[in-house]
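Below is one structure, written out as structure tokens; comments come after it.
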Amino acid sequence: MPIDTIGEFDIIPDSIPAEGDVFIRIKPIDFITYWKRCGILADFAASFYAFTQDHPSVQENIISTVVNELIENATKYSVKRNGDVRIHMKLYDTVLKIQTENFTPKLHYQKLQKHLMLLTQTDDLDMLYINTLATKPTDTVDSGIGLLLLIKDYGIKIGAQFEYLEDIGQYKVTIQTYYYIEQ
Amino acid sequence: MKTLNAGESTITYHEAESLLTFTGSMRLANMKEYDVVAEFLHESSESSKDRLTLDLKSLRFLNSSGITTLSLFILTCKKQGYPKITVVKNDTISWQQKSITNFKKLWDEVEIEN
């Protein structure tokens, strides 16, 4: 299957040298067993980058919020509990590139692809927020607004890439976000 | 005074003041886990039918499932016409500064105070 790319993917490609490269590989089961670990890891990432900024407490709360949403999403969509969730964080001057990778079955891939297409193509994010909540099925466990809020409220640039891996029968999902650190 | 502990956070309902105070960090795993929060909000609204204040000033984090839970509660209040909602926010906490104004987009009678 060809690789399917959506949104602002690789606007800063990995070939450009970053000011550091933090890579964390973890199993979904680690988060599922103790959900608090999502927040702990997000807080670590936030502390790691925020203390060098002009307004560390402001940046810490933003970065933790962004990383937490990405980790939560990657975990929820990883059905195989022994699969990997990979988190790459690279700082390029005032842009923090956060990339998550996880592996998901076809059903989740299709759902996420449709959701991301909508997010990256809509002209009115406020209306999408209102409509998402107003039409939300009562029996769903997903918030449906995590990535939407990152784009709408935090100005995050987002892109995604999906690749079918025949040997494991799963889709590799790569989500890239770019946070332009407020000065 | 009634209290609900939800993960790393606490919600306290002060009935005499029609006030709900949120403290800590609320990052439950999904909407199902927020059912207890939704139920607590609903019960509180039944005894504060005029106006209910949600004081979020000390809530350091609220994930998207939590924001959805509060948003759906506000939509329910809008639909039934009561209680009117006041949200107290803390602009030194970034998620509050960025996302709480969304509640007014759901119901223009929501009041937001600092």
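Just so we're on the same page: first chain in the structure tokens is A, next is B, and so on; residues restart at 1 for each chain, and ligands are numbered from 1 in the order they show up.
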
Near chain A, meaning an atom within 6 Å, which residues of chain B appear when counting only C-alpha atoms? Write them as a list in words.
Asn30, Met31, Lys32, Ser64, Ser65, Thr68, Ser94 and Lys98 of chain B

Between atom CA of A:Val79 and atom CA of A:Thr104, measure the distance and give it in Å to one decimal.
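That distance, rounded to one decimal, is 6.1 Å.
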
Near B:Glu111, counting only C-alpha atoms, which residues have an atom at most 9 Å away, once you skip same-chain residues fewer than 5 positions from it, shown as number ranges by chain?
B: 84-88, 103-104

Find the spatial neighbours of stretch 81-94 of chain A, counting only C-alpha atoms, within a cut-off of 10 Å - ignore same-chain residues fewer than 4 positions away - and output them as a VMD selection string.
chain A and resid 12 14 16 to 32 45 49 53 67 70 to 71 74 to 76 98 to 104 173 to 183
